[in-house]
file start34.cif (mmCIF, C-alpha atoms)
data_model
#
loop_
_atom_site.label_atom_id
_atom_site.label_comp_id
_atom_site.auth_asym_id
_atom_site.auth_seq_id
_atom_site.Cartn_x
_atom_site.Cartn_y
_atom_site.Cartn_z
CA MET Y 1 42.17 -50.21 110.17
CA LYS Y 2 42.04 -52.83 107.48
CA ARG Y 3 38.27 -52.66 107.65
CA ILE Y 4 38.29 -48.93 106.87
CA LEU Y 5 40.63 -49.35 103.91
CA PHE Y 6 38.52 -52.06 102.48
CA LEU Y 7 35.48 -49.75 102.55
CA LEU Y 8 37.29 -46.76 101.03
CA LEU Y 9 38.79 -48.65 98.09
CA PRO Y 10 35.44 -49.33 96.35
CA LEU Y 11 34.36 -45.75 96.90
CA ALA Y 12 37.50 -44.43 95.26
CA LEU Y 13 37.03 -46.70 92.30
CA LEU Y 14 33.41 -45.53 91.96
CA ILE Y 15 34.42 -41.86 91.92
CA ALA Y 16 37.13 -42.53 89.37
CA CYS Y 17 34.69 -44.25 87.05
CA ALA Y 18 32.11 -41.49 87.35
CA THR Y 19 34.45 -38.64 86.32
CA THR Y 20 36.32 -40.28 83.47
CA PRO Y 21 33.36 -40.68 80.99
CA THR Y 22 32.37 -37.05 81.41
CA THR Y 23 35.76 -35.82 80.34
CA VAL Y 24 35.86 -38.04 77.26
CA GLU Y 25 32.41 -37.01 76.03
CA VAL Y 26 33.26 -33.30 76.23
CA THR Y 27 36.45 -33.82 74.28
CA ARG Y 28 34.62 -35.54 71.43
CA LEU Y 29 32.00 -32.82 71.18
CA VAL Y 30 34.60 -30.11 70.86
CA THR Y 31 36.43 -32.07 68.16
CA GLU Y 32 33.26 -32.37 66.04
CA GLU Y 33 32.49 -28.62 66.29
CA VAL Y 34 35.94 -27.73 65.00
CA GLU Y 35 35.37 -29.60 61.70
CA VAL Y 36 32.67 -27.19 60.49
CA PRO Y 37 34.91 -24.14 59.65
CA VAL Y 38 37.02 -26.34 57.43
CA GLU Y 39 34.11 -26.96 55.08
CA VAL Y 40 33.28 -23.22 54.90
CA THR Y 41 36.84 -22.38 53.97
CA ARG Y 42 36.72 -24.73 51.00
CA ILE Y 43 33.43 -23.27 49.59
CA VAL Y 44 34.66 -19.68 49.72
CA THR Y 45 37.90 -20.54 47.98
CA GLU Y 46 36.23 -22.33 45.06
CA LEU Y 47 33.71 -19.54 44.34
CA SER Y 48 36.05 -16.60 44.51
CA THR Y 49 39.17 -17.85 42.80
CA VAL Y 50 37.88 -20.17 40.09
CA GLU Y 51 34.34 -19.39 38.82
CA VAL Y 52 34.01 -15.61 39.06
CA PRO Y 53 37.10 -14.46 37.10
CA VAL Y 54 36.40 -16.84 34.23
CA GLU Y 55 32.83 -15.66 33.69
CA VAL Y 56 33.73 -11.95 33.87
CA THR Y 57 36.44 -12.36 31.25
CA ARG Y 58 34.03 -13.93 28.80
CA LEU Y 59 31.42 -11.17 29.19
CA VAL Y 60 33.97 -8.47 28.45
CA GLU Y 61 35.13 -10.10 25.22
CA VAL Y 62 31.70 -10.74 23.62
CA PRO Y 63 30.56 -7.13 22.84
CA VAL Y 64 33.77 -6.20 21.01
CA THR Y 65 33.00 -7.90 17.67
CA PRO Y 66 29.33 -6.74 17.23
CA THR Y 67 30.30 -3.12 17.92
CA THR Y 68 32.82 -3.11 15.08
CA GLU Y 69 30.39 -4.73 12.62
CA THR Y 70 27.61 -2.25 13.39
CA VAL Y 71 29.79 0.72 12.50
CA VAL Y 72 30.71 -0.82 9.16
CA GLU Y 73 27.05 -1.55 8.27
CA THR Y 74 25.96 2.00 9.09
CA GLU Y 75 28.63 3.46 6.82
CA ALA Y 76 27.68 1.06 4.03
CA THR Y 77 23.98 1.96 4.09
CA ALA Y 78 24.58 5.69 4.40
CA VAL Y 79 26.79 6.05 1.34
CA PRO Y 80 24.67 4.67 -1.59
CA PRO Y 81 21.72 7.14 -1.41
CA THR Y 82 24.03 10.16 -1.85
CA PRO Y 83 24.33 10.02 -5.66
CA THR Y 84 20.54 9.80 -6.14
CA LEU Y 85 19.55 12.70 -3.86
CA GLY Y 86 19.37 15.04 -6.85
CA ASN Y 87 16.86 12.74 -8.55
CA SER Y 88 14.45 12.56 -5.61
CA THR Y 89 12.61 15.78 -6.44
CA TYR Y 90 9.77 16.23 -8.91
CA THR Y 91 8.70 19.46 -10.61
CA VAL Y 92 4.93 19.92 -10.65
CA GLN Y 93 3.52 20.24 -14.18
CA SER Y 94 0.26 21.56 -15.53
CA GLY Y 95 -2.61 19.20 -14.66
CA ASP Y 96 -0.70 17.38 -11.92
CA ASN Y 97 -2.19 16.34 -8.61
CA ILE Y 98 -0.79 14.09 -5.89
CA SER Y 99 -2.41 10.97 -7.31
CA PHE Y 100 -1.03 11.66 -10.77
CA ILE Y 101 2.46 12.28 -9.36
CA ALA Y 102 2.22 9.06 -7.33
CA ALA Y 103 1.33 7.14 -10.50
CA LYS Y 104 4.20 8.77 -12.43
CA THR Y 105 6.86 8.02 -9.82
CA GLY Y 106 5.52 4.77 -8.39
CA VAL Y 107 5.70 6.21 -4.85
CA PRO Y 108 2.53 6.06 -2.69
CA ALA Y 109 0.65 9.36 -2.41
CA ALA Y 110 0.71 9.15 1.41
CA ASP Y 111 4.55 9.05 1.39
CA ILE Y 112 4.74 12.09 -0.90
CA LEU Y 113 2.32 14.06 1.28
CA ALA Y 114 4.28 13.21 4.45
CA ALA Y 115 7.67 14.06 2.92
CA ASN Y 116 6.45 17.52 1.87
CA ASN Y 117 4.24 18.32 4.90
CA LEU Y 118 1.16 18.40 2.66
CA THR Y 119 -2.40 17.18 3.08
CA THR Y 120 -4.98 16.10 0.53
CA THR Y 121 -6.38 19.65 0.63
CA SER Y 122 -3.05 21.31 -0.25
CA PHE Y 123 -2.77 23.14 -3.57
CA LEU Y 124 0.12 22.47 -5.92
CA ASP Y 125 1.74 25.21 -8.01
CA ILE Y 126 3.22 24.64 -11.47
CA GLY Y 127 7.00 24.55 -11.05
CA GLN Y 128 6.80 23.57 -7.36
CA GLU Y 129 9.53 21.13 -6.27
CA LEU Y 130 8.32 18.07 -4.34
CA ILE Y 131 10.50 15.60 -2.49
CA ILE Y 132 9.71 12.06 -3.66
CA PRO Y 133 11.10 9.65 -1.01
CA GLY Y 134 12.84 6.58 -2.39
CA TRP Y 135 12.35 7.65 -6.02
CA ASN Y 136 15.17 7.00 -8.50
CA GLY Y 137 14.09 9.75 -10.90
CA GLU Y 138 12.46 7.49 -13.49
CA ILE Y 139 8.90 8.13 -14.69
CA VAL Y 140 7.06 4.80 -14.47
CA ALA Y 141 3.72 6.03 -15.84
CA VAL Y 142 2.83 8.94 -18.11
CA ILE Y 143 -0.34 10.76 -17.06
CA PRO Y 144 -2.49 12.14 -19.91
CA GLN Y 145 0.29 13.85 -21.85
CA PRO Y 146 1.51 12.83 -25.30
CA ALA Y 147 4.09 10.05 -25.06
CA ASN Y 148 5.09 10.87 -28.65
CA PRO Y 149 4.73 14.51 -29.79
CA GLU Y 150 3.90 13.31 -33.29
CA ALA Y 151 1.03 11.13 -32.08
CA THR Y 152 -1.85 13.59 -31.85
CA ALA Y 153 -5.54 13.23 -31.25
CA ALA Y 154 -8.21 14.91 -33.35
CA PRO Y 155 -12.02 14.96 -33.40
CA PRO Y 156 -13.81 12.95 -36.06
CA SER Y 157 -13.67 14.42 -39.52
CA THR Y 158 -15.79 13.81 -42.60
CA GLU Y 159 -13.11 11.45 -43.86
CA THR Y 160 -12.91 9.29 -40.70
CA ALA Y 161 -16.70 9.30 -40.29
CA GLU Y 162 -16.95 7.35 -43.55
CA LEU Y 163 -14.57 4.67 -42.25
CA THR Y 164 -15.59 1.76 -40.03
CA PRO Y 165 -13.73 -0.17 -37.30
CA VAL Y 166 -11.74 -3.07 -38.73
CA GLY Y 167 -9.41 -5.65 -37.27
CA PRO Y 168 -8.94 -6.82 -33.69
CA ASN Y 169 -9.48 -4.97 -30.44
CA LEU Y 170 -6.10 -3.37 -29.68
CA LEU Y 171 -6.69 -2.86 -25.94
CA PRO Y 172 -5.17 -5.21 -23.37
CA ASN Y 173 -7.77 -7.13 -21.36
CA PRO Y 174 -10.57 -5.02 -22.97
CA SER Y 175 -13.56 -6.59 -21.17
CA PHE Y 176 -11.63 -6.95 -17.89
CA GLU Y 177 -12.15 -10.73 -17.88
CA GLU Y 178 -8.57 -11.51 -16.89
CA ASP Y 179 -6.98 -11.20 -13.47
CA TRP Y 180 -6.53 -7.97 -11.48
CA TYR Y 181 -3.97 -6.44 -9.09
CA PHE Y 182 -3.92 -3.92 -6.22
CA PHE Y 183 -2.88 -0.63 -7.83
CA GLN Y 184 0.06 0.85 -5.84
CA GLY Y 185 -0.66 -1.78 -3.19
CA VAL Y 186 -3.93 -0.10 -2.13
CA SER Y 187 -6.43 -2.78 -1.10
CA GLU Y 188 -9.35 -0.55 -2.14
CA TRP Y 189 -8.18 -0.50 -5.76
CA GLN Y 190 -8.57 -3.72 -7.73
CA ILE Y 191 -7.47 -2.76 -11.24
CA PRO Y 192 -7.63 -5.14 -14.24
CA ASN Y 193 -4.28 -6.39 -15.49
CA GLY Y 194 -2.89 -4.10 -18.18
CA TRP Y 195 -4.58 -0.96 -16.84
CA LEU Y 196 -3.61 2.02 -14.66
CA LEU Y 197 -5.51 4.35 -12.34
CA ALA Y 198 -5.43 8.03 -11.36
CA VAL Y 199 -7.58 9.40 -8.53
CA ASP Y 200 -8.21 13.04 -7.58
CA GLU Y 201 -8.21 13.46 -3.81
CA GLY Y 202 -7.97 17.26 -3.80
CA PRO Y 203 -10.53 19.99 -3.14
CA ASN Y 204 -13.81 19.86 -5.04
CA THR Y 205 -13.81 23.40 -6.43
CA LEU Y 206 -16.20 22.65 -9.30
CA GLU Y 207 -18.87 25.33 -9.50
CA GLY Y 208 -22.21 23.71 -8.82
CA GLY Y 209 -20.65 20.90 -6.76
CA SER Y 210 -20.97 20.01 -3.10
CA GLY Y 211 -17.56 21.38 -2.17
CA GLY Y 212 -15.35 19.54 0.31
CA ASN Y 213 -12.77 17.12 -1.06
CA PHE Y 214 -12.87 14.44 -3.70
CA LEU Y 215 -12.45 11.12 -1.89
CA ARG Y 216 -11.01 7.96 -3.36
CA PRO Y 217 -13.62 5.53 -4.65
CA GLU Y 218 -13.46 1.83 -3.96
CA ILE Y 219 -12.81 -0.05 -7.21
CA ARG Y 220 -13.41 -3.77 -7.71
CA VAL Y 221 -13.39 -6.25 -10.57
CA VAL Y 222 -16.75 -7.91 -9.90
CA PRO Y 223 -17.92 -11.27 -11.31
CA SER Y 224 -21.52 -11.70 -12.43
CA SER Y 225 -22.08 -14.08 -9.51
CA ASP Y 226 -21.77 -11.09 -7.13
CA ILE Y 227 -24.37 -9.05 -9.04
CA PRO Y 228 -28.14 -9.64 -8.76
CA ALA Y 229 -29.42 -11.39 -11.89
CA SER Y 230 -31.92 -8.57 -12.44
CA GLU Y 231 -29.01 -6.11 -12.86
CA HIS Y 232 -26.82 -8.15 -15.23
CA SER Y 233 -28.30 -6.44 -18.26
CA GLN Y 234 -27.40 -3.04 -16.80
CA PHE Y 235 -23.90 -3.60 -15.46
CA ILE Y 236 -22.35 -6.34 -17.63
CA PHE Y 237 -21.82 -5.46 -21.28
CA ASP Y 238 -19.72 -8.48 -22.22
CA GLY Y 239 -18.37 -11.65 -20.59
CA GLN Y 240 -18.75 -12.40 -16.89
CA LYS Y 241 -16.91 -9.52 -15.18
CA THR Y 242 -17.21 -5.76 -14.88
CA ILE Y 243 -15.43 -2.92 -13.06
CA LYS Y 244 -17.39 -1.43 -10.17
CA ALA Y 245 -16.28 1.94 -8.77
CA PHE Y 246 -18.32 3.41 -5.92
CA LYS Y 247 -18.30 5.84 -3.00
CA GLY Y 248 -21.13 6.99 -0.76
CA GLY Y 249 -21.42 10.41 0.83
CA ALA Y 250 -18.59 12.14 -1.05
CA PRO Y 251 -17.71 13.44 -4.54
CA THR Y 252 -15.29 11.37 -6.63
CA SER Y 253 -13.08 11.85 -9.68
CA PHE Y 254 -10.92 9.14 -11.25
CA ALA Y 255 -9.54 7.83 -14.55
CA ILE Y 256 -8.70 4.34 -15.84
CA PHE Y 257 -6.32 4.13 -18.79
CA THR Y 258 -3.63 2.11 -20.55
CA ASP Y 259 -0.73 2.68 -22.93
CA VAL Y 260 -0.71 1.08 -26.37
CA THR Y 261 1.80 1.37 -29.20
CA LEU Y 262 0.10 2.28 -32.45
CA PRO Y 263 1.40 2.64 -36.00
CA PRO Y 264 0.28 5.61 -38.11
CA GLY Y 265 -3.39 5.47 -38.93
CA GLN Y 266 -6.90 6.33 -37.82
CA TYR Y 267 -8.54 4.74 -34.78
CA ARG Y 268 -11.80 4.63 -32.83
CA LEU Y 269 -11.97 4.28 -29.06
CA SER Y 270 -15.29 3.15 -27.54
CA ILE Y 271 -16.08 3.30 -23.81
CA ASN Y 272 -19.14 1.52 -22.33
CA PHE Y 273 -20.34 2.36 -18.81
CA PHE Y 274 -23.34 2.63 -16.49
CA PRO Y 275 -23.66 5.65 -14.13
CA ASP Y 276 -24.94 4.13 -10.86
CA ILE Y 277 -25.51 7.54 -9.26
CA VAL Y 278 -28.12 7.11 -6.51
CA GLY Y 279 -29.63 10.16 -4.83
CA ALA Y 280 -31.80 8.21 -2.37
CA TYR Y 281 -33.41 4.84 -1.65
CA ASN Y 282 -37.16 4.31 -1.45
CA GLY Y 283 -38.10 1.02 0.13
CA GLY Y 284 -34.90 -0.56 -1.18
CA ASN Y 285 -35.41 0.86 -4.67
CA LYS Y 286 -32.90 3.26 -6.17
CA VAL Y 287 -33.90 6.86 -6.79
CA TRP Y 288 -31.47 8.21 -9.37
CA ALA Y 289 -29.68 11.48 -8.69
CA THR Y 290 -31.41 14.51 -10.21
CA GLN Y 291 -28.63 17.16 -10.14
CA ALA Y 292 -27.88 18.45 -13.62
CA LEU Y 293 -24.18 17.48 -13.37
CA SER Y 294 -24.45 14.49 -11.05
CA SER Y 295 -22.52 12.26 -13.48
CA GLU Y 296 -19.81 13.28 -15.96
CA ALA Y 297 -17.51 11.26 -18.22
CA ARG Y 298 -14.88 11.88 -20.87
CA VAL Y 299 -12.62 9.93 -23.24
CA ILE Y 300 -8.85 10.28 -22.78
CA VAL Y 301 -6.43 10.10 -25.72
CA ASN Y 302 -3.02 11.40 -24.65
CA ASP Y 303 -3.66 14.95 -23.43
CA GLY Y 304 -6.80 15.27 -25.55
CA GLY Y 305 -9.98 13.35 -26.11
CA THR Y 306 -13.54 14.48 -25.57
CA GLY Y 307 -14.74 17.15 -23.22
CA TRP Y 308 -16.90 16.23 -20.22
CA VAL Y 309 -20.31 14.88 -21.21
CA VAL Y 310 -23.29 14.32 -18.93
CA PRO Y 311 -24.82 10.83 -19.21
CA GLN Y 312 -28.16 10.01 -17.62
CA PRO Y 313 -27.84 8.21 -14.24
CA GLY Y 314 -29.43 4.76 -14.34
CA SER Y 315 -28.94 4.24 -18.10
CA ARG Y 316 -26.28 2.52 -20.19
CA ALA Y 317 -24.01 4.87 -22.11
CA THR Y 318 -21.27 4.64 -24.75
CA LEU Y 319 -18.69 7.27 -25.69
CA THR Y 320 -16.75 6.97 -28.96
CA TYR Y 321 -13.83 9.02 -30.15
CA ASP Y 322 -11.96 8.89 -33.47
CA PHE Y 323 -8.35 10.07 -33.64
CA THR Y 324 -5.32 10.01 -35.90
CA VAL Y 325 -1.76 8.88 -35.15
CA GLU Y 326 0.79 10.58 -37.39
CA ALA Y 327 3.86 8.56 -36.40
CA GLU Y 328 4.27 5.25 -34.60
CA GLY Y 329 4.48 5.67 -30.85
CA GLN Y 330 2.89 5.01 -27.50
CA VAL Y 331 -0.57 6.48 -26.98
CA ARG Y 332 -2.46 6.75 -23.71
CA VAL Y 333 -6.14 5.85 -24.00
CA GLY Y 334 -8.91 5.47 -21.45
CA ALA Y 335 -11.69 7.40 -19.76
CA ALA Y 336 -12.30 9.64 -16.75
CA PHE Y 337 -15.39 9.81 -14.55
CA ARG Y 338 -16.50 12.21 -11.85
CA SER Y 339 -19.44 12.83 -9.52
CA ARG Y 340 -19.23 16.33 -8.10
CA PHE Y 341 -22.12 16.06 -5.62
CA VAL Y 342 -22.62 14.19 -2.35
CA ASN Y 343 -25.01 11.29 -2.99
CA HIS Y 344 -25.97 8.03 -1.34
CA ASN Y 345 -23.86 6.30 -3.99
CA ASN Y 346 -21.58 7.78 -6.62
CA GLY Y 347 -21.01 4.60 -8.56
CA TRP Y 348 -19.91 3.49 -12.02
CA PHE Y 349 -19.86 0.16 -13.86
CA LEU Y 350 -17.31 -0.06 -16.70
CA ASP Y 351 -17.12 -2.87 -19.23
CA ALA Y 352 -16.29 -3.92 -22.81
CA TRP Y 353 -14.01 -1.13 -24.02
CA SER Y 354 -12.53 -1.27 -27.50
CA LEU Y 355 -9.87 0.34 -29.67
CA GLN Y 356 -9.89 -0.50 -33.37
CA ALA Y 357 -8.29 0.80 -36.49
CA LEU Y 358 -10.56 2.61 -38.93
CA GLY Y 359 -10.61 1.55 -42.52
CA THR Y 360 -12.78 0.31 -45.33
CA PRO Y 361 -14.37 -3.12 -44.84
#

call {"tool": "encode", "arguments": {"input": "start34.cif", "output": "structure tokens"}}
result
Amino acid sequence: MKRILFLLLPLALLIACATTPTTVEVTRLVTEEVEVPVEVTRIVTELSTVEVPVEVTRLVEVPVTPTTETVVETEATAVPPTPTLGNSTYTVQSGDNISFIAAKTGVPAADILAANNLTTTSFLDIGQELIIPGWNGEIVAVIPQPANPEATAAPPSTETAELTPVGPNLLPNPSFEEDWYFFQGVSEWQIPNGWLLAVDEGPNTLEGGSGGNFLRPEIRVVPSSDIPASEHSQFIFDGQKTIKAFKGGAPTSFAIFTDVTLPPGQYRLSINFFPDIVGAYNGGNKVWATQALSSEARVIVNDGGTGWVVPQPGSRATLTYDFTVEAEGQVRVGAAFRSRFVNHNNGWFLDAWSLQALGTP
């Protein structure tokens, strides 16, 4: 009996040792699994209760101030134009075209056309009301009309023919040697300082012309270095610069002028130019236009001056005009040029203009 008990005691101890580790290991595994949900609970709480409400509150507050400011600015910009609406229309006068009106008002021709649903081929009627966008009602340039009713122009008389030019040249920048600017901001129009420009871009209805529309010429103040030496004697009358106006394949009509204040007296205006009107090219050589009215020019003095004359293409020309000023005032002086036919080049070189008082030497 003792022998049997002695054998069973080790077996019991072995069984007890084998089962106890298994139970302990399982308990530890379960304890470690339970710790995971605790971490998840902490993450959810921090995101939902702390970060989200704070950010939403800030987004709601930001748009409030800009919205109020925008309303105030809109009201401020809408009110000022109201008093000037009555001054934003222009009444078409005799001799006006879109380019002339643009020069008078200082508003680009393209803006005037767009505001009135017009094109460059539209006709204007005397008395027609045009909307001039952004215009304050002030005339910034007077187009060939007397600035002073008492300052009148007259053709040479026997008395003035006996007088000779005396004193200085009264024109600003008369040989165009000074700087230039883009007239009305148009990059095609380099106009000498002190001078103005008018361009006809309407229908060419001249009898004996090519029809179509007058197109704007390109106008540049050209230094002698940009002109072949063989042509200096043709294009440059004085100094080192000249005005070059040109356009190929279309008729052109334009005027260059300035305003001067003159006391009472008698004056002579002289205009030098070269009609570079080319009908064709033969081996690089110019063939001058042969139409009877291929080149035309006239002197402008206020709303008068000379009639259109027909200079010979390819030859230097000078126009002179004597006139009388009865009372001191501003007088518009200059010259107009037109080429009514389509040619390879309707060009003009203008240089060395002068305005002098007439008197006895």

call {"tool": "residues_around", "arguments": {"input": "start34.cif", "residues": "segment 101-116 of chain Y", "least_positions_apart": "5", "cutoff": "9 Å", "atoms": "all atoms listed in the file", "output": "JSON, numbers by chain"}}
result
{"Y": [90, 92, 96, 130, 131, 132, 133, 134, 135, 136, 137, 138, 139, 140, 141, 142, 143, 184, 185, 186, 196, 197, 198]}

call {"tool": "closest_atom_pairs", "arguments": {"input": "start34.cif", "of": "segment 187-264 of chain Y", "to": "segment 332-354 of chain Y", "cutoff": "7 Å", "atoms": "only C-alpha atoms", "output": "JSON lines"}}
result
{"residue": "Y:Gly209", "atom": "CA", "partner": "Y:Arg340", "partner_atom": "CA", "distance": 5.0}
{"residue": "Y:Ser210", "atom": "CA", "partner": "Y:Phe341", "partner_atom": "CA", "distance": 4.8}
{"residue": "Y:Phe235", "atom": "CA", "partner": "Y:Phe349", "partner_atom": "CA", "distance": 5.7}
{"residue": "Y:Ile236", "atom": "CA", "partner": "Y:Asp351", "partner_atom": "CA", "distance": 6.5}
{"residue": "Y:Phe237", "atom": "CA", "partner": "Y:Asp351", "partner_atom": "CA", "distance": 5.7}
{"residue": "Y:Asp238", "atom": "CA", "partner": "Y:Ala352", "partner_atom": "CA", "distance": 5.7}
{"residue": "Y:Thr242", "atom": "CA", "partner": "Y:Asp351", "partner_atom": "CA", "distance": 5.2}
{"residue": "Y:Ile243", "atom": "CA", "partner": "Y:Leu350", "partner_atom": "CA", "distance": 5.0}
{"residue": "Y:Lys244", "atom": "CA", "partner": "Y:Phe349", "partner_atom": "CA", "distance": 4.7}
{"residue": "Y:Ala245", "atom": "CA", "partner": "Y:Trp348", "partner_atom": "CA", "distance": 5.1}
{"residue": "Y:Phe246", "atom": "CA", "partner": "Y:Gly347", "partner_atom": "CA", "distance": 4.0}
{"residue": "Y:Lys247", "atom": "CA", "partner": "Y:Asn346", "partner_atom": "CA", "distance": 5.3}
{"residue": "Y:Gly248", "atom": "CA", "partner": "Y:Asn345", "partner_atom": "CA", "distance": 4.3}
{"residue": "Y:Gly249", "atom": "CA", "partner": "Y:Val342", "partner_atom": "CA", "distance": 5.1}
{"residue": "Y:Ala250", "atom": "CA", "partner": "Y:Val342", "partner_atom": "CA", "distance": 4.7}
{"residue": "Y:Pro251", "atom": "CA", "partner": "Y:Arg340", "partner_atom": "CA", "distance": 4.8}
{"residue": "Y:Thr252", "atom": "CA", "partner": "Y:Ser339", "partner_atom": "CA", "distance": 5.3}
{"residue": "Y:Ser253", "atom": "CA", "partner": "Y:Arg338", "partner_atom": "CA", "distance": 4.1}
{"residue": "Y:Phe254", "atom": "CA", "partner": "Y:Phe337", "partner_atom": "CA", "distance": 5.6}
{"residue": "Y:Ala255", "atom": "CA", "partner": "Y:Ala336", "partner_atom": "CA", "distance": 4.0}
{"residue": "Y:Ile256", "atom": "CA", "partner": "Y:Gly334", "partner_atom": "CA", "distance": 5.7}
{"residue": "Y:Phe257", "atom": "CA", "partner": "Y:Gly334", "partner_atom": "CA", "distance": 3.9}
{"residue": "Y:Thr258", "atom": "CA", "partner": "Y:Val333", "partner_atom": "CA", "distance": 5.7}
{"residue": "Y:Asp259", "atom": "CA", "partner": "Y:Arg332", "partner_atom": "CA", "distance": 4.5}
{"residue": "Y:Val260", "atom": "CA", "partner": "Y:Arg332", "partner_atom": "CA", "distance": 6.5}

call {"tool": "resolve_selection", "arguments": {"input": "start34.cif", "expression": "the PyMOL selection byres ((chain Y and resi 170) around 9)", "output": "list in words"}}
result
Gly167, Pro168, Asn169, Leu171, Pro172, Pro174, Val260, Leu262, Ser354, Leu355, Gln356 and Ala357 of chain Y

call {"tool": "atom_distance", "arguments": {"input": "start34.cif", "atom1": "atom CA of Trp195 of chain Y", "atom2": "atom CA of Phe182 of chain Y"}}
result
11.0 Å

call {"tool": "atom_distance", "arguments": {"input": "start34.cif", "atom1": "atom CA of Ser175 of chain Y", "atom2": "atom CA of Ile98 of chain Y"}}
result
28.7 Å

call {"tool": "atom_distance", "arguments": {"input": "start34.cif", "atom1": "atom CA of Thr261 of chain Y", "atom2": "atom CA of Pro165 of chain Y"}}
result
17.6 Å

call {"tool": "residues_around", "arguments": {"input": "start34.cif", "residues": "Asp226 of chain Y", "least_positions_apart": "2", "cutoff": "12 Å", "atoms": "only C-alpha atoms", "output": "list in words"}}
result
Arg220, Val221, Val222, Pro223, Ser224, Pro228, Ala229, Ser230, Glu231, His232, Phe235, Ile236, Gln240, Lys241, Thr242, Ile243 and Lys244 of chain Y

call {"tool": "closest_residue", "arguments": {"input": "start34.cif", "among": "Y:Lys286, Y:Arg316, Y:Arg298, Y:Arg268", "to": "Leu163 of chain Y", "atoms": "only C-alpha atoms"}}
result
Y:Arg268

call {"tool": "resolve_selection", "arguments": {"input": "start34.cif", "expression": "the PyMOL selection byres ((chain Y and resi 301) around 8)", "output": "PDB file with C-alpha atoms, in the frame of the given file"}}
result
ATOM      1  CA  PRO Y 144      -2.490  12.140 -19.910  1.00  0.00           C
ATOM      2  CA  ALA Y 153      -5.540  13.230 -31.250  1.00  0.00           C
ATOM      3  CA  VAL Y 299     -12.620   9.930 -23.240  1.00  0.00           C
ATOM      4  CA  ILE Y 300      -8.850  10.280 -22.780  1.00  0.00           C
ATOM      5  CA  ASN Y 302      -3.020  11.400 -24.650  1.00  0.00           C
ATOM      6  CA  ASP Y 303      -3.660  14.950 -23.430  1.00  0.00           C
ATOM      7  CA  GLY Y 304      -6.800  15.270 -25.550  1.00  0.00           C
ATOM      8  CA  GLY Y 305      -9.980  13.350 -26.110  1.00  0.00           C
ATOM      9  CA  VAL Y 331      -0.570   6.480 -26.980  1.00  0.00           C
ATOM     10  CA  ARG Y 332      -2.460   6.750 -23.710  1.00  0.00           C
ATOM     11  CA  VAL Y 333      -6.140   5.850 -24.000  1.00  0.00           C
ATOM     12  CA  GLY Y 334      -8.910   5.470 -21.450  1.00  0.00           C
TER      13      GLY Y 334
END

call {"tool": "closest_residue", "arguments": {"input": "start34.cif", "among": "Y:Glu188, Y:Glu177, Y:Glu296, Y:Glu129", "to": "Asp276 of chain Y", "atoms": "all atoms listed in the file"}}
result
Y:Glu296

call {"tool": "axis_aligned_box", "arguments": {"input": "start34.cif", "around": "segment 99-105 of chain Y", "padding_each_side": "6 Å", "output": "lines of an AutoDock Vina configuration file"}}
result
center_x = 2.2
center_y = 9.7
center_z = -9.9
size_x = 21.3
size_y = 17.1
size_z = 17.1
